[in-house]
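The next block is final35.txt, given as compact mmCIF, C-alpha atoms.
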# COMPACT_ATOMS: atom_id res chain seq x y z
CA MET A 1 -10.91 174.64 23.76
CA LYS A 2 -13.05 174.97 20.65
CA ASN A 3 -15.55 172.21 21.42
CA THR A 4 -16.80 170.66 24.64
CA PHE A 5 -16.13 167.01 25.40
CA SER A 6 -18.69 164.40 24.40
CA PHE A 7 -21.46 163.60 26.85
CA MET A 8 -21.39 160.09 28.34
CA PRO A 9 -24.48 158.90 30.25
CA SER A 10 -24.06 157.61 33.78
CA VAL A 11 -24.17 153.85 34.31
CA GLU A 12 -25.99 154.66 37.56
CA GLU A 13 -28.99 156.18 35.79
CA ALA A 14 -30.92 152.90 35.60
CA LYS A 15 -30.31 152.27 39.32
CA ARG A 16 -30.95 155.83 40.48
CA GLN A 17 -33.35 156.10 43.39
CA PRO A 18 -35.62 159.14 43.09
CA VAL A 19 -35.03 161.78 45.76
CA ARG A 20 -38.36 161.94 47.58
CA ARG A 21 -38.03 165.01 49.75
CA GLU A 22 -41.70 164.86 50.74
CA ILE A 23 -41.09 161.56 52.61
CA TYR A 24 -38.20 163.10 54.51
CA GLU A 25 -40.31 166.13 55.41
CA GLN A 26 -43.05 163.80 56.64
CA SER A 27 -40.47 162.11 58.87
CA VAL A 28 -39.54 165.48 60.38
CA ASP A 29 -43.22 166.30 60.97
CA LEU A 30 -43.75 162.99 62.80
CA TYR A 31 -40.72 163.65 64.99
CA ASN A 32 -41.98 167.13 65.86
CA GLU A 33 -45.29 165.53 66.89
CA GLY A 34 -43.41 163.27 69.32
CA LYS A 35 -43.96 160.13 67.21
CA TYR A 36 -40.30 159.14 67.30
CA LEU A 37 -40.51 155.51 66.18
CA GLU A 38 -42.88 156.38 63.33
CA ALA A 39 -40.50 159.19 62.32
CA PHE A 40 -37.61 156.73 62.10
CA HIS A 41 -39.72 154.30 60.05
CA CYS A 42 -40.52 157.15 57.69
CA LEU A 43 -36.81 158.00 57.44
CA LEU A 44 -36.10 154.40 56.40
CA ASP A 45 -38.84 154.69 53.77
CA TYR A 46 -37.12 157.83 52.51
CA LEU A 47 -33.85 155.93 52.15
CA ASN A 48 -35.51 152.93 50.48
CA GLU A 49 -39.16 151.98 50.79
CA GLY A 50 -38.32 148.26 50.91
CA PHE A 51 -35.88 148.34 53.83
CA ARG A 52 -38.41 148.02 56.64
CA ILE A 53 -39.89 144.79 55.32
CA GLU A 54 -36.73 143.24 53.89
CA PHE A 55 -34.36 143.92 56.79
CA GLY A 56 -36.59 144.59 59.83
CA ASN A 57 -38.54 142.57 62.37
CA GLU A 58 -42.31 142.59 62.66
CA ASN A 59 -42.32 145.21 65.42
CA GLY A 60 -40.11 147.57 63.45
CA THR A 61 -37.63 147.77 66.32
CA GLU A 62 -34.66 145.87 64.90
CA PHE A 63 -32.97 146.13 61.50
CA HIS A 64 -29.87 144.58 59.90
CA ILE A 65 -29.22 146.47 56.67
CA PRO A 66 -26.22 145.80 54.38
CA HIS A 67 -24.23 148.68 52.98
CA GLY A 68 -21.36 147.60 50.75
CA SER A 69 -19.02 145.48 52.87
CA ILE A 70 -20.59 146.40 56.23
CA VAL A 71 -23.94 145.64 57.82
CA VAL A 72 -25.61 148.35 59.88
CA HIS A 73 -27.48 147.03 62.91
CA ILE A 74 -30.20 149.27 64.34
CA ARG A 75 -32.03 148.29 67.52
CA ILE A 76 -34.63 150.26 69.48
CA LEU A 77 -35.11 149.10 73.06
CA ASP A 78 -36.56 150.89 76.09
CA GLU A 79 -36.73 154.24 74.22
CA ILE A 80 -33.03 154.00 73.30
CA MET A 81 -31.71 153.73 69.73
CA TYR A 82 -28.56 151.63 69.20
CA ILE A 83 -26.72 151.92 65.87
CA GLU A 84 -23.73 149.65 65.28
CA ALA A 85 -21.69 148.43 62.29
CA ASP A 86 -18.91 145.85 62.24
CA PHE A 87 -15.94 147.38 60.40
CA LEU A 88 -12.92 145.05 60.15
CA ILE A 89 -11.11 142.24 61.94
CA LEU A 90 -7.64 143.29 63.10
CA PRO A 91 -4.65 141.50 61.53
CA GLU A 92 -2.11 139.55 63.58
CA LYS A 93 0.72 141.74 62.34
CA GLY A 94 0.58 145.49 61.96
CA ARG A 95 -2.40 145.93 64.26
CA VAL A 96 -0.72 148.67 66.31
CA ALA A 97 -0.06 150.74 63.19
CA MET A 98 -3.63 150.14 62.04
CA LEU A 99 -5.05 151.16 65.42
CA ARG A 100 -3.13 154.44 65.17
CA GLN A 101 -4.93 155.08 61.87
CA ILE A 102 -8.23 154.10 63.49
CA ALA A 103 -7.61 156.62 66.29
CA ASP A 104 -7.13 159.31 63.64
CA LEU A 105 -10.40 158.31 61.93
CA ASN A 106 -12.14 158.39 65.29
CA ILE A 107 -11.11 162.02 65.78
CA ASN A 108 -11.19 163.40 62.25
CA LYS A 109 -13.70 161.34 60.24
CA LEU A 110 -16.38 159.91 62.52
CA LEU A 111 -18.64 162.67 63.80
CA LEU A 112 -21.08 161.42 66.47
CA ALA A 113 -20.35 157.70 66.26
CA GLY A 114 -17.10 156.21 67.53
CA PHE A 115 -14.91 153.14 67.05
CA VAL A 116 -14.96 150.46 69.72
CA LYS A 117 -12.81 147.30 69.92
CA GLU A 118 -14.33 143.98 70.93
CA GLY A 119 -11.64 141.32 70.83
CA ASP A 120 -10.15 141.44 67.33
CA ARG A 121 -13.23 143.09 65.88
CA LEU A 122 -13.57 146.84 65.29
CA LYS A 123 -17.03 148.38 65.34
CA MET A 124 -18.57 151.79 64.83
CA ARG A 125 -21.23 152.58 67.41
CA TYR A 126 -23.71 155.32 68.26
CA VAL A 127 -26.34 155.34 71.04
CA THR A 128 -29.01 158.00 71.62
CA PRO A 129 -32.35 158.36 73.41
CA LEU A 130 -35.17 157.88 70.92
CA GLN A 131 -36.55 161.34 71.72
CA GLN A 132 -33.23 162.80 70.48
CA SER A 133 -33.32 160.88 67.18
CA HIS A 134 -34.21 163.77 64.89
CA PRO A 135 -34.27 162.50 61.27
CA HIS A 136 -31.61 165.00 60.19
CA LYS A 137 -29.24 163.78 62.92
CA ILE A 138 -29.87 160.07 62.33
CA TYR A 139 -29.50 160.52 58.57
CA GLY A 140 -26.13 162.18 59.20
CA VAL A 141 -25.00 159.44 61.59
CA LEU A 142 -25.94 156.66 59.15
CA GLN A 143 -24.34 158.46 56.22
CA ASN A 144 -21.14 159.07 58.19
CA ILE A 145 -20.85 155.44 59.35
CA CYS A 146 -21.54 154.12 55.86
CA HIS A 147 -19.08 156.51 54.22
CA VAL A 148 -16.25 155.57 56.58
CA GLY A 149 -17.04 151.88 56.11
CA ASP A 150 -17.02 152.26 52.32
CA ARG A 151 -14.03 154.55 52.13
CA TYR A 152 -11.50 152.84 54.38
CA ASP A 153 -12.19 149.09 54.40
CA ASP A 154 -10.35 148.44 51.13
CA GLU A 155 -7.49 150.69 52.20
CA PHE A 156 -6.95 148.93 55.54
CA CYS A 157 -7.27 145.48 53.97
CA THR A 158 -4.62 146.38 51.40
CA GLN A 159 -2.29 148.31 53.69
CA PHE A 160 -2.47 146.29 56.90
CA GLY A 161 -3.89 142.91 55.92
CA ALA A 162 -7.15 143.37 57.86
CA THR A 163 -10.10 141.18 56.91
CA ARG A 164 -13.75 142.07 56.42
CA CYS A 165 -16.44 140.97 58.81
CA TYR A 166 -18.79 140.44 55.84
CA GLU A 167 -18.24 140.00 52.15
CA PRO A 168 -20.22 142.58 50.19
CA GLN A 169 -23.08 141.37 48.02
CA VAL A 170 -22.31 142.93 44.67
CA THR A 171 -23.52 142.77 41.08
CA PRO A 172 -20.66 143.24 38.59
CA TYR A 173 -21.31 145.45 35.60
CA PRO A 174 -22.18 143.53 32.43
CA ALA A 175 -19.27 143.14 30.00
CA ALA A 176 -20.82 145.66 27.61
CA THR A 177 -21.08 148.25 30.41
CA VAL A 178 -17.45 147.66 31.41
CA ASP A 179 -16.46 148.24 27.78
CA GLN A 180 -18.54 151.42 27.71
CA VAL A 181 -16.89 152.75 30.87
CA TYR A 182 -13.37 151.81 29.81
CA GLU A 183 -13.73 153.34 26.34
CA GLY A 184 -15.39 156.43 27.82
CA ILE A 185 -12.52 156.97 30.26
CA GLN A 186 -9.97 156.50 27.47
CA SER A 187 -11.75 158.95 25.17
CA LEU A 188 -12.37 161.58 27.85
CA GLY A 189 -8.91 161.20 29.36
CA LYS A 190 -7.07 161.66 26.07
CA ALA A 191 -9.24 164.64 25.07
CA THR A 192 -8.58 166.19 28.49
CA LEU A 193 -4.81 165.76 28.23
CA ASP A 194 -4.79 167.27 24.74
CA THR A 195 -6.75 170.29 25.98
CA LEU A 196 -4.54 170.67 29.06
CA ASN A 197 -1.41 170.66 26.90
CA GLU A 198 -2.85 173.59 24.92
CA TYR A 199 -3.84 175.54 28.02
CA ASN A 200 -0.58 174.82 29.82
CA ALA A 201 1.46 175.94 26.82
CA ALA A 202 -0.37 179.29 27.00
CA ARG A 203 0.01 179.26 30.83
CA HIS A 204 -3.77 179.33 31.25
CA TYR A 205 -3.60 177.18 34.38
CA GLY A 206 -6.95 178.38 35.69
CA TYR A 207 -8.65 176.87 32.64
CA SER A 208 -6.51 173.73 33.03
CA TRP A 209 -7.60 173.32 36.66
CA ASN A 210 -11.28 173.67 35.78
CA VAL A 211 -11.14 171.27 32.84
CA LEU A 212 -9.13 168.65 34.76
CA ASP A 213 -11.33 168.74 37.85
CA THR A 214 -14.41 168.54 35.62
CA ALA A 215 -12.93 165.47 33.90
CA PHE A 216 -12.54 163.76 37.29
CA TYR A 217 -16.15 164.55 38.17
CA GLN A 218 -17.29 163.35 34.75
CA ILE A 219 -15.42 160.04 35.20
CA ALA A 220 -17.19 159.57 38.53
CA TYR A 221 -20.51 160.44 36.86
CA LEU A 222 -19.89 157.96 34.04
CA ALA A 223 -18.43 155.01 35.96
CA ASN A 224 -19.83 155.24 39.52
CA PRO A 225 -16.74 153.27 40.63
CA GLN A 226 -16.40 151.36 43.89
CA GLY A 227 -13.47 150.01 45.91
CA GLN A 228 -9.96 151.32 45.38
CA PHE A 229 -10.88 152.97 42.06
CA CYS A 230 -13.38 155.12 43.96
CA ASN A 231 -10.88 155.87 46.74
CA ASN A 232 -8.12 156.91 44.33
CA LEU A 233 -10.48 159.10 42.31
CA GLU A 234 -11.79 160.73 45.48
CA LYS A 235 -8.23 161.47 46.59
CA ALA A 236 -7.38 162.97 43.18
CA ILE A 237 -10.44 165.24 43.48
CA ASP A 238 -9.54 166.24 47.04
CA ASP A 239 -5.94 166.98 46.00
CA MET A 240 -7.18 169.47 43.40
CA ASP A 241 -8.26 171.74 46.29
CA ALA A 242 -4.95 171.60 48.15
CA GLU A 243 -3.32 174.91 49.08
CA ARG A 244 -0.55 174.71 46.51
CA PRO A 245 0.25 176.63 43.31
CA VAL A 246 -2.35 175.85 40.67
CA GLU A 247 0.39 174.70 38.26
CA GLU A 248 1.42 172.00 40.77
CA LEU A 249 -2.18 170.92 41.28
CA VAL A 250 -2.65 170.52 37.53
CA SER A 251 0.62 168.61 37.15
CA LYS A 252 -0.28 166.19 39.96
CA GLY A 253 -3.79 165.71 38.61
CA MET A 254 -2.42 164.96 35.16
CA ASP A 255 -0.15 162.30 36.65
CA TYR A 256 -3.16 160.57 38.18
CA LEU A 257 -5.11 160.80 34.93
CA LYS A 258 -2.23 159.27 32.97
CA LYS A 259 -1.99 156.46 35.52
CA LEU A 260 -5.74 155.85 35.21
CA LEU A 261 -5.49 155.70 31.42
CA ALA A 262 -2.69 153.14 31.72
CA THR A 263 -4.83 150.88 33.95
CA SER A 264 -6.09 147.81 32.12
CA LYS A 265 -9.78 147.19 31.58
CA GLU A 266 -9.54 143.99 33.63
CA VAL A 267 -8.16 145.84 36.67
CA LEU A 268 -10.78 148.60 36.39
CA ALA A 269 -13.52 145.98 36.12
CA GLU A 270 -12.69 144.72 39.63
CA ASP A 271 -14.15 147.94 41.04
CA LEU A 272 -17.06 148.33 38.62
CA TYR A 273 -20.10 146.85 40.32
CA PHE A 274 -23.39 147.73 41.99
CA ALA A 275 -23.57 147.20 45.75
CA GLY A 276 -26.51 147.47 48.11
CA LYS A 277 -26.52 150.73 50.05
CA LEU A 278 -28.35 151.92 53.13
CA VAL A 279 -27.68 155.60 52.49
CA SER A 280 -26.06 157.51 49.67
CA ASN A 281 -22.67 159.09 50.28
CA ARG A 282 -23.97 162.18 48.53
CA ARG A 283 -26.04 164.96 50.04
CA SER A 284 -29.77 165.03 49.38
CA ALA A 285 -30.36 168.26 47.45
CA SER A 286 -33.48 170.37 47.03
CA LEU A 287 -34.13 173.00 44.37
CA GLN A 288 -32.99 175.67 46.83
CA THR A 289 -29.78 173.73 47.48
CA ILE A 290 -29.04 173.52 43.75
CA GLN A 291 -29.74 177.23 43.32
CA GLU A 292 -27.33 178.07 46.14
CA ILE A 293 -24.63 175.85 44.59
CA PHE A 294 -25.11 177.39 41.14
CA GLU A 295 -25.40 181.02 42.28
CA ASN A 296 -21.79 182.22 41.96
CA VAL A 297 -21.04 180.40 38.71
CA TYR A 298 -24.39 181.56 37.29
CA GLU A 299 -23.42 185.18 37.91
CA GLU A 300 -20.00 184.54 36.40
CA ALA A 301 -21.53 182.80 33.36
CA THR A 302 -24.03 185.65 32.89
CA ALA A 303 -21.24 188.19 32.65
CA ALA A 304 -19.19 185.90 30.37
CA VAL A 305 -22.07 185.24 27.95
CA GLN A 306 -22.98 188.91 27.80
CA SER A 307 -19.38 189.82 26.98
CA GLY A 308 -19.07 187.03 24.40
CA ASP A 309 -16.57 184.98 26.46
CA PHE A 310 -18.32 181.70 25.70
CA GLU A 311 -15.30 179.53 26.44
CA ARG A 312 -15.14 180.73 30.04
CA ALA A 313 -18.90 180.37 30.42
CA ALA A 314 -18.95 176.80 29.07
CA VAL A 315 -15.95 175.65 31.11
CA ARG A 316 -17.31 177.05 34.36
CA MET A 317 -20.87 175.79 33.90
CA LEU A 318 -19.72 172.26 33.01
CA TYR A 319 -17.53 172.32 36.09
CA ILE A 320 -20.31 173.29 38.51
CA ILE A 321 -22.86 170.89 36.99
CA TYR A 322 -20.61 167.82 37.20
CA GLU A 323 -19.38 168.85 40.65
CA THR A 324 -23.00 169.10 41.78
CA TYR A 325 -23.65 165.56 40.56
CA TYR A 326 -20.59 164.32 42.44
CA TYR A 327 -21.59 165.69 45.82
CA ASN A 328 -25.41 165.63 45.64
CA ASP A 329 -28.39 163.42 44.90
CA ILE A 330 -30.36 165.66 42.56
CA PRO A 331 -34.18 165.76 42.40
CA GLU A 332 -35.46 163.94 39.33
CA GLU A 333 -37.06 166.95 37.63
CA ILE A 334 -33.74 168.84 37.85
CA ASN A 335 -31.76 165.75 36.84
CA VAL A 336 -33.85 165.45 33.65
CA LEU A 337 -33.17 169.08 32.74
CA LEU A 338 -29.44 168.86 33.38
CA THR A 339 -29.09 165.56 31.53
CA HIS A 340 -30.80 166.99 28.45
CA ALA A 341 -28.60 170.09 28.58
CA LEU A 342 -25.40 168.07 29.00
CA LYS A 343 -26.39 165.81 26.13
CA ALA A 344 -27.31 168.74 23.87
CA SER A 345 -24.09 170.62 24.64
CA GLY A 346 -21.74 167.64 24.38
CA GLY A 347 -19.26 167.87 21.52
CA GLN A 348 -20.57 171.29 20.47
CA SER A 349 -18.76 174.59 19.94
CA VAL A 350 -18.15 176.45 23.18
CA GLU A 351 -20.57 179.16 22.06
CA GLN A 352 -23.43 176.77 21.36
CA ALA A 353 -22.67 174.76 24.51
CA ALA A 354 -22.55 177.91 26.64
CA ARG A 355 -25.93 179.10 25.36
CA THR A 356 -27.54 175.69 25.96
CA LEU A 357 -26.09 175.29 29.46
CA TYR A 358 -26.85 178.89 30.38
CA GLU A 359 -30.49 178.57 29.39
CA VAL A 360 -31.06 175.51 31.58
CA MET A 361 -29.14 177.09 34.46
CA ASP A 362 -31.18 180.28 34.07
CA ASN A 363 -34.42 178.27 34.23
CA ILE A 364 -33.28 176.45 37.36
CA MET A 365 -32.27 179.69 39.05
CA GLU A 366 -35.73 181.08 38.23
CA GLY A 367 -37.40 177.94 39.58
CA ASP A 368 -38.81 177.02 36.15
CA LEU A 369 -38.47 173.24 35.87
CA SER A 370 -40.84 172.76 32.92
CA GLY A 371 -37.89 172.26 30.60
CA SER A 372 -39.90 172.62 27.40
CA ALA A 373 -36.95 174.08 25.53
CA PHE A 374 -34.66 171.17 26.35
CA TYR A 375 -36.64 168.18 25.14
CA SER A 376 -35.92 166.95 21.66
CA CYS A 377 -38.70 166.61 19.12
CA ALA A 378 -38.27 162.85 19.35
CA ASP A 379 -39.27 163.03 23.02
CA ASN A 380 -42.46 164.93 22.18
CA PRO A 381 -44.20 164.38 18.80
CA MET A 382 -46.42 167.45 19.31
CA ALA A 383 -43.34 169.56 19.96
CA GLY A 384 -41.84 168.22 16.76
CA GLN A 385 -44.95 169.17 14.79
CA MET A 386 -44.95 172.66 16.32
CA MET A 387 -41.27 173.01 15.49
CA GLU A 388 -41.89 172.10 11.86
CA GLN A 389 -44.71 174.65 11.68
CA ALA A 390 -42.52 177.31 13.24
CA VAL A 391 -39.71 176.58 10.81
CA SER A 392 -42.11 176.80 7.85
CA ALA A 393 -43.47 180.11 9.12
CA ALA A 394 -39.97 181.44 9.64
CA GLN A 395 -38.94 180.42 6.14
CA ALA A 396 -42.07 182.05 4.63
CA MET A 397 -41.38 185.25 6.54
CA GLN A 398 -37.78 185.25 5.40
CA GLN A 399 -38.88 184.74 1.75
CA LYS A 400 -41.12 187.82 1.90
CA MET A 401 -38.36 189.88 3.42
CA ALA A 402 -35.90 188.65 0.83
CA GLU A 403 -38.11 190.17 -1.89
CA LYS A 404 -37.57 193.59 -0.35
CA MET A 405 -34.05 193.21 0.92
CA SER A 406 -30.79 191.69 -0.17
CA GLY A 407 -27.24 191.33 1.00
CA ASN A 408 -25.01 188.55 2.30
CA ASP A 409 -25.37 189.68 5.91
CA MET A 410 -29.17 189.34 5.74
CA ALA A 411 -29.00 185.88 4.16
CA GLU A 412 -26.52 184.74 6.74
CA LEU A 413 -28.73 186.04 9.56
CA GLN A 414 -31.77 184.28 8.15
CA GLN A 415 -29.88 181.00 7.87
CA LYS A 416 -28.74 181.28 11.47
CA MET A 417 -32.36 181.74 12.54
CA VAL A 418 -33.42 178.55 10.77
CA GLU A 419 -30.52 176.63 12.32
CA ALA A 420 -31.37 177.93 15.80
CA MET A 421 -35.01 176.93 15.37
CA MET A 422 -34.06 173.47 14.11
CA ARG A 423 -31.89 172.71 17.12
CA GLY A 424 -34.48 174.13 19.55
CA ASP A 425 -32.28 177.01 20.74
CA MET A 426 -35.10 179.46 21.40
CA ALA A 427 -32.90 181.96 23.21
CA GLU A 428 -30.62 182.28 20.20
CA TYR A 429 -33.58 182.33 17.79
CA THR A 430 -35.17 185.19 19.76
CA ARG A 431 -31.92 187.14 19.80
CA LEU A 432 -31.45 186.69 16.05
CA ALA A 433 -35.11 187.59 15.39
CA GLY A 434 -34.63 190.85 17.25
CA GLU A 435 -31.52 191.63 15.26
CA LEU A 436 -33.33 190.77 12.01
CA GLN A 437 -36.27 192.97 12.97
CA GLN A 438 -33.97 195.91 13.52
CA LYS A 439 -32.43 195.41 10.09
CA VAL A 440 -35.87 195.09 8.48
CA MET A 441 -37.18 198.24 10.10
CA SER A 442 -34.09 200.18 9.21
CA GLY A 443 -34.42 198.96 5.61
CA LEU A 444 -38.11 199.88 5.36
CA PHE A 445 -37.67 203.43 6.59
CA GLN A 446 -34.54 204.35 4.68
Exercise: express the given structure as structure tokens:
Amino acid sequence: MKNTFSFMPSVEEAKRQPVRREIYEQSVDLYNEGKYLEAFHCLLDYLNEGFRIEFGNENGTEFHIPHGSIVVHIRILDEIMYIEADFLILPEKGRVAMLRQIADLNINKLLLAGFVKEGDRLKMRYVTPLQQSHPHKIYGVLQNICHVGDRYDDEFCTQFGATRCYEPQVTPYPAATVDQVYEGIQSLGKATLDTLNEYNAARHYGYSWNVLDTAFYQIAYLANPQGQFCNNLEKAIDDMDAERPVEELVSKGMDYLKKLLATSKEVLAEDLYFAGKLVSNRRSASLQTIQEIFENVYEEATAAVQSGDFERAAVRMLYIIYETYYYNDIPEEINVLLTHALKASGGQSVEQAARTLYEVMDNIMEGDLSGSAFYSCADNPMAGQMMEQAVSAAQAMQQKMAEKMSGNDMAELQQKMVEAMMRGDMAEYTRLAGELQQKVMSGLFQ
């Protein structure tokens, strides 16, 4: 790989709910004070500040909140919390086979809640005393119920002929957004296959695995798919971690990618829509969480950059960043930094991309979220003016040195400094400045 793949912004960005950790922490504080109902209300505000009014009663003791194709019913009565969600209506034929699958979900997928059967209707249910409704536990229960409802309703409807209890209220992507997603998948998919063919020919299957898995995460980041598209993509990602030879994993992943590329835009569009959600399927991440996720790859990237192995550094950092987006809701200040870095590194040489990604990762690991080095001059007019002044000063300094010194290596070094300054790569500019200073001093004292 000589250049990284182009950056494609997420269609979810405009709909992204900010992660407000302070509201969640307030909910925990209220619970610890014994204010259990108020703690739950605060948890709902953390999920979406409009839920209590839009979906609750005046007393704040009963809520009916839609999530995709299910509705989650929450009722608080006599210091007991009841959480229930209708799942599916059993079909006339094939219900025994479906119930076997439900039994497996009950054991292996649902954690604290459980499936119950009332007539032909399947429900997920959880009951707990209000004083045992710690926000962390209730968040986990709601997330688990919503994930199972989202993940398996389409599958059971297709496989067994089950029917939904509710039709989801969805907003299809505009035609222009569908075009953007389809063209992005085509472009990314073809670039990925070309790169994999090169790596596979050299038997560099470790690189192939990283690039392919990153492509899957990037497709999820771009498209935010729903329905069967989401389920198939999730399965492809899960299959990449199977305990099989890496060559087999890559081959199977490539088969899925080729199948996805062959899918028509009209078929993809059926699963490209926004749906109301009670709770995100992703984990809510803090700065500490992100640092823990990045830690191993950061150490690996540090060694790779220091040894000049920029390809390895770029591949691994892109992998961990897109994987982090797939599994986590990222705090806005970190999201802004990562988005700028992904945009700046997209379509660049692996060396330039590695330096850009490493700098933002280094800042995050140090807890520095100011991000001044990652904003373009267009985002900040004052920064643009300062950049112009710095470039002028650098050029003047280089002119004075040129009067005393000559040589192609010096001219090349000076040009690289100007280019680094122009693109805002302060780490590279500083490195080059140090190298230039050494050459100057050695020239002056010879």
Close residues, Gly206 of chain A itself excluded, 9 Å, all atoms listed in the file, min 5 positions apart in chain, as a ChimeraX atom specification:
/A:199,211,246-247
I'd like the neighbourhood of segment 81-91 of chain A as a count of residues only, where a residue qualifies if any of its atoms comes within 6 Å (using all atoms listed in the file), though same-chain residues fewer than 6 positions away should be ignored.
21
Set the distance at 12 Å and use all atoms listed in the file: which residues neighbour Ile145 of chain A once local chain neighbours fewer than 2 positions away are removed? I'd like the list as a PyMOL selection string.
chain A and resi 67-68+70-73+83-87+105-106+109-115+123-126+138-143+147-153+277-281
Interatomic distance, atom CA of Arg282 of chain A to atom CA of Glu332 of chain A (Å, one decimal):
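Interatomic distance, atom CA of Arg282 of chain A to atom CA of Glu332 of chain A: 14.8 Å.
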Kindly list the centre and edge lengths in Å, rounded to one decimal, for the axis-aligned box that covers all listed atoms of segment 70-73 of chain A plus 5 Å on each of its six sides, as AutoDock Vina command-line options.
--center_x -24.0 --center_y 147.0 --center_z 59.6 --size_x 16.9 --size_y 12.7 --size_z 16.7
Separation of atom CA of Gln186 of chain A and atom CA of Leu260 of chain A, in Å?
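Computing the Euclidean distance for atom CA of Gln186 of chain A and atom CA of Leu260 of chain A yields 8.8 Å.
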Work out how far apart atom CA of Met8 of chain A and atom CA of Ile321 of chain A are and give it in Å to one decimal.
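The value is 13.9 Å.
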